[in-house]
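Shown next: final_13.pdb, containing PDB, C-alpha atoms.
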```
ATOM      1  CA  MET A 118       0.000   0.000   0.000  1.00  0.00           C
ATOM      2  CA  THR A 119       1.445   3.366  -0.955  1.00  0.00           C
ATOM      3  CA  SER A 120       1.573   6.106   1.653  1.00  0.00           C
ATOM      4  CA  THR A 121      -0.942   8.123  -0.405  1.00  0.00           C
ATOM      5  CA  LYS A 122      -3.358   5.209  -0.372  1.00  0.00           C
ATOM      6  CA  ALA A 123      -2.708   4.629   3.336  1.00  0.00           C
ATOM      7  CA  LEU A 124      -3.366   8.307   4.055  1.00  0.00           C
ATOM      8  CA  GLY A 125      -6.625   8.132   2.114  1.00  0.00           C
ATOM      9  CA  THR A 126      -7.762   5.025   3.941  1.00  0.00           C
ATOM     10  CA  TYR A 127      -6.775   6.525   7.296  1.00  0.00           C
ATOM     11  CA  LEU A 128      -8.653   9.781   6.713  1.00  0.00           C
ATOM     12  CA  GLN A 129     -11.691   8.065   5.189  1.00  0.00           C
ATOM     13  CA  ASP A 130     -11.921   5.755   8.201  1.00  0.00           C
ATOM     14  CA  HIS A 131     -11.673   8.700  10.580  1.00  0.00           C
ATOM     15  CA  LEU A 132     -14.358  10.528   8.627  1.00  0.00           C
ATOM     16  CA  ALA A 133     -16.624   7.481   8.992  1.00  0.00           C
ATOM     17  CA  GLY A 134     -15.953   7.576  12.738  1.00  0.00           C
ATOM     18  CA  ALA A 135     -16.644  11.311  12.765  1.00  0.00           C
ATOM     19  CA  THR A 136     -19.979  10.630  11.073  1.00  0.00           C
ATOM     20  CA  ALA A 137     -20.909   8.186  13.836  1.00  0.00           C
ATOM     21  CA  GLY A 138     -19.658  10.573  16.511  1.00  0.00           C
ATOM     22  CA  SER A 139     -21.575  13.487  15.054  1.00  0.00           C
ATOM     23  CA  GLU A 140     -24.788  11.451  15.015  1.00  0.00           C
ATOM     24  CA  LEU A 141     -24.292  10.288  18.622  1.00  0.00           C
ATOM     25  CA  ALA A 142     -23.458  13.823  19.806  1.00  0.00           C
ATOM     26  CA  ARG A 143     -26.593  15.148  18.108  1.00  0.00           C
ATOM     27  CA  LYS A 144     -28.697  12.429  19.752  1.00  0.00           C
ATOM     28  CA  LEU A 145     -27.272  13.119  23.206  1.00  0.00           C
ATOM     29  CA  GLY A 146     -27.672  16.862  22.731  1.00  0.00           C
ATOM     30  CA  SER A 147     -31.361  16.386  21.921  1.00  0.00           C
ATOM     31  CA  GLU A 148     -31.948  14.058  24.896  1.00  0.00           C
ATOM     32  CA  TYR A 149     -30.246  16.111  27.578  1.00  0.00           C
ATOM     33  CA  THR A 150     -31.265  19.699  26.981  1.00  0.00           C
ATOM     34  CA  THR A 151     -31.310  21.282  30.436  1.00  0.00           C
ATOM     35  CA  GLY A 152     -28.769  22.360  33.006  1.00  0.00           C
ATOM     36  CA  PRO A 153     -25.000  22.240  32.685  1.00  0.00           C
ATOM     37  CA  LEU A 154     -25.109  18.863  30.925  1.00  0.00           C
ATOM     38  CA  GLY A 155     -27.495  20.172  28.265  1.00  0.00           C
ATOM     39  CA  GLY A 156     -25.335  23.205  27.596  1.00  0.00           C
ATOM     40  CA  PHE A 157     -22.179  21.133  27.450  1.00  0.00           C
ATOM     41  CA  LEU A 158     -23.676  18.551  25.078  1.00  0.00           C
ATOM     42  CA  SER A 159     -25.093  21.233  22.803  1.00  0.00           C
ATOM     43  CA  GLU A 160     -21.659  22.852  22.511  1.00  0.00           C
ATOM     44  CA  LEU A 161     -19.953  19.464  22.119  1.00  0.00           C
ATOM     45  CA  SER A 162     -22.308  18.518  19.300  1.00  0.00           C
ATOM     46  CA  ARG A 163     -21.544  21.779  17.451  1.00  0.00           C
ATOM     47  CA  ASP A 164     -17.798  21.294  17.979  1.00  0.00           C
ATOM     48  CA  ILE A 165     -17.891  17.714  16.704  1.00  0.00           C
ATOM     49  CA  ASP A 166     -19.782  18.827  13.595  1.00  0.00           C
ATOM     50  CA  GLN A 167     -17.171  21.554  13.019  1.00  0.00           C
ATOM     51  CA  ASP A 168     -14.350  19.035  13.497  1.00  0.00           C
ATOM     52  CA  LYS A 169     -15.993  16.720  10.966  1.00  0.00           C
ATOM     53  CA  ASP A 170     -16.283  19.603   8.504  1.00  0.00           C
ATOM     54  CA  THR A 171     -12.629  20.471   9.110  1.00  0.00           C
ATOM     55  CA  LEU A 172     -11.613  16.872   8.426  1.00  0.00           C
ATOM     56  CA  THR A 173     -13.596  16.968   5.169  1.00  0.00           C
ATOM     57  CA  GLU A 174     -11.789  20.186   4.198  1.00  0.00           C
ATOM     58  CA  VAL A 175      -8.408  18.645   5.089  1.00  0.00           C
ATOM     59  CA  MET A 176      -9.225  15.656   2.905  1.00  0.00           C
ATOM     60  CA  GLY A 177     -10.137  18.005   0.058  1.00  0.00           C
ATOM     61  CA  SER A 178      -6.865  19.891   0.408  1.00  0.00           C
ATOM     62  CA  LEU A 179      -5.068  16.538   0.135  1.00  0.00           C
ATOM     63  CA  ASP A 180      -7.177  15.458  -2.896  1.00  0.00           C
ATOM     64  CA  ILE A 181      -8.792  12.639  -0.914  1.00  0.00           C
ATOM     65  CA  SER A 182     -12.488  12.034  -1.472  1.00  0.00           C
ATOM     66  CA  PRO A 183     -14.824  10.749   1.218  1.00  0.00           C
ATOM     67  CA  ASP A 184     -15.733   7.098   0.777  1.00  0.00           C
ATOM     68  CA  VAL A 185     -19.533   6.906   0.546  1.00  0.00           C
ATOM     69  CA  ILE A 186     -19.625   3.290   1.729  1.00  0.00           C
ATOM     70  CA  LYS A 187     -17.494   4.065   4.781  1.00  0.00           C
ATOM     71  CA  GLN A 188     -19.658   7.105   5.517  1.00  0.00           C
ATOM     72  CA  ALA A 189     -22.781   4.961   5.361  1.00  0.00           C
ATOM     73  CA  THR A 190     -21.124   2.327   7.538  1.00  0.00           C
ATOM     74  CA  GLY A 191     -20.335   4.961  10.187  1.00  0.00           C
ATOM     75  CA  TRP A 192     -23.925   6.156  10.098  1.00  0.00           C
ATOM     76  CA  VAL A 193     -25.301   2.604  10.402  1.00  0.00           C
ATOM     77  CA  ALA A 194     -22.843   1.755  13.186  1.00  0.00           C
ATOM     78  CA  GLU A 195     -24.122   4.690  15.232  1.00  0.00           C
ATOM     79  CA  LYS A 196     -27.718   3.538  14.719  1.00  0.00           C
ATOM     80  CA  MET A 197     -26.745   0.041  15.893  1.00  0.00           C
ATOM     81  CA  THR A 198     -25.069   1.589  18.928  1.00  0.00           C
ATOM     82  CA  ARG A 199     -28.358   3.303  19.740  1.00  0.00           C
ATOM     83  CA  LEU A 200     -30.050  -0.083  19.830  1.00  0.00           C
ATOM     84  CA  LYS A 201     -27.319  -1.690  21.942  1.00  0.00           C
ATOM     85  CA  LEU A 202     -27.267   1.212  24.384  1.00  0.00           C
ATOM     86  CA  SER A 203     -31.011   1.663  24.682  1.00  0.00           C
ATOM     87  CA  ASP A 204     -32.642   1.533  28.095  1.00  0.00           C
ATOM     88  CA  ARG A 205     -34.382  -1.652  26.976  1.00  0.00           C
ATOM     89  CA  MET A 206     -31.034  -3.365  26.470  1.00  0.00           C
ATOM     90  CA  THR A 207     -29.187  -1.944  29.477  1.00  0.00           C
ATOM     91  CA  GLY A 208     -32.188  -2.000  31.774  1.00  0.00           C
ATOM     92  CA  ASP A 209     -31.237   1.347  33.286  1.00  0.00           C
ATOM     93  CA  PRO A 210     -31.233   4.888  31.852  1.00  0.00           C
ATOM     94  CA  ASP A 211     -28.265   5.861  34.054  1.00  0.00           C
ATOM     95  CA  LEU A 212     -26.236   2.929  32.716  1.00  0.00           C
ATOM     96  CA  THR A 213     -27.266   3.870  29.180  1.00  0.00           C
ATOM     97  CA  ARG A 214     -26.011   7.424  29.719  1.00  0.00           C
ATOM     98  CA  LEU A 215     -22.704   6.168  31.157  1.00  0.00           C
ATOM     99  CA  MET A 216     -22.136   3.843  28.217  1.00  0.00           C
ATOM    100  CA  GLU A 217     -23.092   6.522  25.676  1.00  0.00           C
ATOM    101  CA  PHE A 218     -20.631   8.937  27.271  1.00  0.00           C
ATOM    102  CA  GLU A 219     -17.919   6.272  27.166  1.00  0.00           C
ATOM    103  CA  VAL A 220     -18.535   5.613  23.471  1.00  0.00           C
ATOM    104  CA  MET A 221     -18.376   9.370  22.861  1.00  0.00           C
ATOM    105  CA  SER A 222     -15.169   9.643  24.875  1.00  0.00           C
ATOM    106  CA  ILE A 223     -13.514   6.834  22.904  1.00  0.00           C
ATOM    107  CA  GLY A 224     -14.485   8.573  19.670  1.00  0.00           C
ATOM    108  CA  ILE A 225     -12.988  11.877  20.781  1.00  0.00           C
ATOM    109  CA  GLU A 226      -9.806  10.065  21.853  1.00  0.00           C
ATOM    110  CA  GLY A 227      -9.636   8.686  18.307  1.00  0.00           C
ATOM    111  CA  LYS A 228     -10.066  12.177  16.881  1.00  0.00           C
ATOM    112  CA  LEU A 229      -7.257  13.441  19.120  1.00  0.00           C
ATOM    113  CA  ALA A 230      -5.057  10.609  17.832  1.00  0.00           C
ATOM    114  CA  LEU A 231      -5.891  11.692  14.260  1.00  0.00           C
ATOM    115  CA  TRP A 232      -4.908  15.310  14.862  1.00  0.00           C
ATOM    116  CA  ARG A 233      -1.689  14.218  16.579  1.00  0.00           C
ATOM    117  CA  ALA A 234      -0.816  11.864  13.716  1.00  0.00           C
ATOM    118  CA  LEU A 235      -1.353  14.674  11.213  1.00  0.00           C
ATOM    119  CA  ILE A 236       0.828  16.991  13.308  1.00  0.00           C
ATOM    120  CA  ALA A 237       3.579  14.360  13.095  1.00  0.00           C
ATOM    121  CA  VAL A 238       3.462  14.269   9.275  1.00  0.00           C
ATOM    122  CA  ALA A 239       2.420  17.859   8.525  1.00  0.00           C
ATOM    123  CA  ASP A 240       5.860  18.842   7.195  1.00  0.00           C
ATOM    124  CA  GLU A 241       5.563  16.122   4.552  1.00  0.00           C
ATOM    125  CA  LEU A 242       2.054  17.073   3.424  1.00  0.00           C
ATOM    126  CA  PRO A 243       1.810  20.565   1.903  1.00  0.00           C
ATOM    127  CA  GLY A 244      -1.989  20.251   1.877  1.00  0.00           C
ATOM    128  CA  LEU A 245      -1.924  20.601   5.662  1.00  0.00           C
ATOM    129  CA  ALA A 246      -0.304  24.043   5.556  1.00  0.00           C
ATOM    130  CA  GLY A 247      -2.553  26.525   7.272  1.00  0.00           C
ATOM    131  CA  VAL A 248      -4.545  23.904   9.179  1.00  0.00           C
ATOM    132  CA  ASP A 249      -4.372  24.609  12.902  1.00  0.00           C
ATOM    133  CA  LEU A 250      -3.702  21.011  13.891  1.00  0.00           C
ATOM    134  CA  PRO A 251      -2.366  21.910  17.354  1.00  0.00           C
ATOM    135  CA  GLY A 252      -5.527  23.950  17.959  1.00  0.00           C
ATOM    136  CA  LEU A 253      -7.690  21.033  16.852  1.00  0.00           C
ATOM    137  CA  ALA A 254      -5.780  18.693  19.169  1.00  0.00           C
ATOM    138  CA  LYS A 255      -6.235  21.125  22.062  1.00  0.00           C
ATOM    139  CA  ARG A 256      -9.947  21.345  21.361  1.00  0.00           C
ATOM    140  CA  ALA A 257     -10.209  17.540  21.427  1.00  0.00           C
ATOM    141  CA  GLU A 258      -8.345  17.503  24.758  1.00  0.00           C
ATOM    142  CA  HIS A 259     -10.818  20.089  26.082  1.00  0.00           C
ATOM    143  CA  GLN A 260     -13.753  18.000  24.828  1.00  0.00           C
ATOM    144  CA  ILE A 261     -12.376  14.908  26.555  1.00  0.00           C
ATOM    145  CA  ALA A 262     -11.871  16.763  29.841  1.00  0.00           C
ATOM    146  CA  GLY A 263     -15.368  18.248  29.757  1.00  0.00           C
ATOM    147  CA  LEU A 264     -16.986  14.954  28.896  1.00  0.00           C
ATOM    148  CA  GLU A 265     -15.013  13.163  31.622  1.00  0.00           C
ATOM    149  CA  GLU A 266     -16.678  15.234  34.345  1.00  0.00           C
ATOM    150  CA  HIS A 267     -20.120  14.242  33.079  1.00  0.00           C
ATOM    151  CA  ARG A 268     -19.051  10.640  32.493  1.00  0.00           C
ATOM    152  CA  LEU A 269     -17.946  10.304  36.107  1.00  0.00           C
ATOM    153  CA  GLU A 270     -21.254  11.792  37.301  1.00  0.00           C
ATOM    154  CA  ALA A 271     -23.044   9.212  35.147  1.00  0.00           C
ATOM    155  CA  ALA A 272     -20.841   6.460  36.620  1.00  0.00           C
ATOM    156  CA  ARG A 273     -21.820   7.453  40.154  1.00  0.00           C
ATOM    157  CA  ALA A 274     -25.507   7.488  39.222  1.00  0.00           C
ATOM    158  CA  ALA A 275     -25.351   4.162  37.364  1.00  0.00           C
ATOM    159  CA  LEU A 276     -23.011   2.121  39.494  1.00  0.00           C
ATOM    160  CA  VAL A 277     -23.661   3.061  43.114  1.00  0.00           C
ATOM    161  CA  ALA A 278     -27.140   4.538  43.216  1.00  0.00           C
TER     162      ALA A 278
END
```

Structure rendered as structure tokens:
Amino acid sequence: MTSTKALGTYLQDHLAGATAGSELARKLGSEYTTGPLGGFLSELSRDIDQDKDTLTEVMGSLDISPDVIKQATGWVAEKMTRLKLSDRMTGDPDLTRLMEFEVMSIGIEGKLALWRALIAVADELPGLAGVDLPGLAKRAEHQIAGLEEHRLEAARAALVA
């Protein structure tokens, strides 16, 4: 596999993950609309959509097209996650929330890994010039930290209540 093909596969796979993450963030934002959690999830959902758009722009600057099948797979995977993490399957809305937050956290960790990988190769890829990769990585770190507070609250509610 050539490095160009590997880069395309890598970015297309991350875009599929971003599609799933965007869908999950939107779902959570619509379910939890009040209080600090509602505000946080609303902002997180907007940020994740912006990050997905940025990834699409980065791919365009590198002449890499989104893979429609991978995009659809990411969308379907998120819908399957909804089924698996439904209150009917977990038996407890607090456990559902904890598991949803953990899935979201894993996705953001993956996005952070993407931005860090691109930082590592940015000097070799002129298409990345002008992309604030360190800023994107910092935003992902901020998203993880913010989500972690709410995840731990959900853990307390689900596991010891």

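Once range 129-131 of chain A and its same-chain neighbours fewer than 6 positions away are set aside, Leu172, Met176, Ile181, Ser182, Pro183, Asp184, Lys187, Gln188, Gly191, Gly227, Lys228 and Leu231 of chain A remain within 9 Å of it when counting all atoms listed in the file.
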
(request) Can you work out which one of A:Ala230, A:Ile236, A:Leu161, A:Val175 has the shortest atom-to-atom distance to Gln260 in chain A, counting only C-alpha atoms? (result)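 With only C-alpha atoms as the atom set, the closest residue is A:Leu161.
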
(request) Would you be able to write out as a list in words which residues have an atom within 12 Å of (-11.1, 19.0, 26.9) in the file's coordinates, counting all atoms listed in the file? (result) Phe157, Leu161, Asp164, Ser222, Ile225, Glu226, Leu229, Gly252, Leu253, Ala254, Lys255, Arg256, Ala257, Glu258, His259, Gln260, Ile261, Ala262, Gly263, Leu264, Glu265, Glu266 and His267 of chain A

(message) Can you translate the PyMOL selection byres ((chain A and resi 217-219) around 10) into the concrete residues it hits in this file, as number ranges by chain?
(response) A: 141-142, 145, 198-199, 201-203, 211-216, 220-225, 264-265, 267-269, 271-272

(request) Record the distance separating CA of Gly138 in chain A and CA of Ala246 in chain A, expressed in Å with one decimal. (result) 26.0 Å

(message) I'd like the interatomic distance between CA of Glu148 in chain A and CA of Glu195 in chain A, to a tenth of an Å.
(response) 15.6 Å
